[in-house]
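A quick write-up on the structure given underneath.
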Amino acid sequence: MGRKERAKERREKRLQEISLLRTIPYSDHQRWCCVHDQSSLLYMWIVSCKLEFWGIWFVRDLRWWSSETVAVVTGGNRGIGFETARQLAEHGLTVILTSRESSTGLEAANVLKELGLSVDFHQLDVLDSLSIKKFAEWIEQTYGGIDVLVNNAGVNYNIGADNSVEHAQNVVATNYYGTKKVTQSLIPLMRPSAVGARIVNVSSRLGRLNGRRNRLEDKDLREKLANLETLSEELIDRTVSTFLQQVEEGTYTSGGWPQMFTDYSVSKLAVNAFTRLMAKMLSDRPDGQKIYINCYCPGWVKTAMTGWAGNVSAEDGADTGVWLALLPDQAITGKIFAERREINF
C-alpha cells in the first residue's frame with residue numbers, strides 16, 4: 001500500500017470515528033453512561049472530558065445551550081456555512097444565517113426553516129464596513145446579543161494545480177480582513193455567560209507557519225508570528241500588505257511565500273495568527289464574560305470553492321466547527337483544530 005493509500009485509509013477511519021463521536025456529546029437521551037472497555041471510541045471521547053469516578057468513566061449531558069442561544073454563521077448560504085448553520089440549528093440553537101446576496105441567503109434560510117429549524121437571515125457583506133455596522137445594529141435591536149460566532153465567509157479562486165494571484169486582493173480582503181472586521185464588530189455584542197461565548201474561524205492547514213510543504217520561508221518572520229510576545233495586529237497586517245505589494249509589483253514568487261494556493265494560504269495564515277492574538281487579548285476578561293476563540297481546518301471539502309473536487313463532504317467539513325462551538329468545557333482558546341484534534345500552527 002502506497003503513501004496516498006495509507007493516508008486515505010487513515011482519513012476514512014478518522015471520519016468513521018467522528019461519525020460515532022458526533023452522536024455522543026449532544027445526545028438528549030444519554031444522560032449517564034459508563035464504559036469499561038478502554039479501546040472503545042466512546043472511551044476516547046470520555047477521556048478527553050477528564051471525568052473519572054472510582055475507575056469508571058462517566059459521561060453526563062453537558063448541554064449548556066438552549067433555543068435562546070444565538071449563533072451567527074457568515075457565508076451560510078451554501079457549502080460548509082450552510083451545513084454549519086443546519087447542524088447548530090438541529091442541536092437546538094437559534095441561528096442567524098448571513099450571506100452577501102440576499103436572494104441566496106433567504107433561500108437557504110427558508111430551506112432550513114422548512115425543516116422546522118429556528119433560523120433567521122440577514123444580509124452581510126464582510127467586505128463592506130457599512131454592511132457590518134448595519135448587521136451589528138440589527139443584531140442588538142432584534143436579539144440583544146449573540147453567544148456564538150462562526151466566521152465562515154471566504155473565497156478561493158484556484159482549483160487543482162492552479163496558483164494564480166489575480167484575485168489576491170479580494171482573497172485577503174475577504175478571508176482575513178472580513179473575518180477581523182466582523183469579529184471586532186460583534187465582540188461587544190457577545191453575551192455574558194457562565195460557559196463563555198465562542199468564536200470559531202474557518203481556516204486551513206495551508207496557513208500553518210510550520211507546515212512541511214507550504215510555509216513562509218522567512219524564518220525570522222515565522223518566529224515573530226509564532227511568538228505571542230511579538231505577535232501583533234500591526235505585524236499581521238504588515239505581513240499581508242507586503243505580500244499584496246509584491247503581487248502588484250510581480251515579485252511575490254521570490255518573496256518566500258507559500259507555494260500552494262499562495263494568496264489563499266497567506267490569507268489563512270493571517271486568520272490563524274489573528275485567532276491566536278485575539279485569544280491573548282480576550283484572556284483577561286473576568287469569569288462570566290469570557291470569550292473563547294479558535295480556528296479549524298475543514299479539510300478539502302467537496303464544495304463550489306474546490307470545484308466539487310474535494311474528498312470531504314460538507315457535513316463532515318462543518319463538524320469540527322460545530323464541535324468547537326458547543327464544547328461543554330470551553331477552557332480551550334487560541335488553538336487550531338482539524339477532525340476534532342488540535343494541530344500545530
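Letters for chains follow the order of the C-alpha cells (A, B, ...), residue numbers begin at 1 for each chain, and ligand numbers begin at 1 in the order shown.
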Taking the DSSP assignment computed from this structure's backbone, write out as a VMD selection string all residues of segment 156-282 of chain A that belong to alpha helix (DSSP H).
chain A and resid 168 to 172 179 to 186 219 to 226 233 to 249 262 to 282
Give me, as a PyMOL selection string, all polymer residues having an atom no more than 7 Å from segment 217-224 of chain A, counting only C-alpha atoms and skipping those fewer than 5 positions away in the same chain.
chain A and resi 209+230-231+256-257
Could you list, with a cut-off of 12 Å and counting only C-alpha atoms, the residues of segment 178-263 of chain A near segment 59-73 of chain A, each shown with its nearest atom pair and the distance in Å rounded to one decimal, rows sorted by chain and ascending number, as CSV?
```
residue,atom,partner,partner_atom,distance
A:Thr179,CA,A:Val73,CA,11.5
A:Val182,CA,A:Val72,CA,10.6
A:Thr183,CA,A:Val72,CA,10.9
A:Leu186,CA,A:Val72,CA,9.8
A:Ile187,CA,A:Val72,CA,11.9
A:Leu189,CA,A:Val70,CA,11.0
A:Met190,CA,A:Val70,CA,9.6
A:Arg191,CA,A:Val70,CA,9.5
A:Pro192,CA,A:Thr69,CA,11.6
A:Ser193,CA,A:Trp64,CA,10.0
A:Ala194,CA,A:Trp64,CA,9.3
A:Val195,CA,A:Trp64,CA,7.5
A:Gly196,CA,A:Trp64,CA,10.2
A:Ala197,CA,A:Ala71,CA,9.9
A:Arg198,CA,A:Ala71,CA,9.2
A:Ile199,CA,A:Val72,CA,9.6
A:Val200,CA,A:Val73,CA,9.5
A:Asn201,CA,A:Val73,CA,10.2
A:Val202,CA,A:Val73,CA,10.6
```
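Comparing A:Ser99, A:Ser313, A:Leu228, A:Gln123 by their smallest distance to Gly334 of chain A, the closest is A:Leu228 (using only C-alpha atoms).
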Of the residues A:Arg205, A:Glu166, A:Ile96, A:Glu83, which is the one nearest to Ile146 of chain A, using only C-alpha atoms?
A:Ile96
So how far away is atom CA of Thr74 of chain A from atom CA of Thr142 of chain A, in Å?
17.3 Å
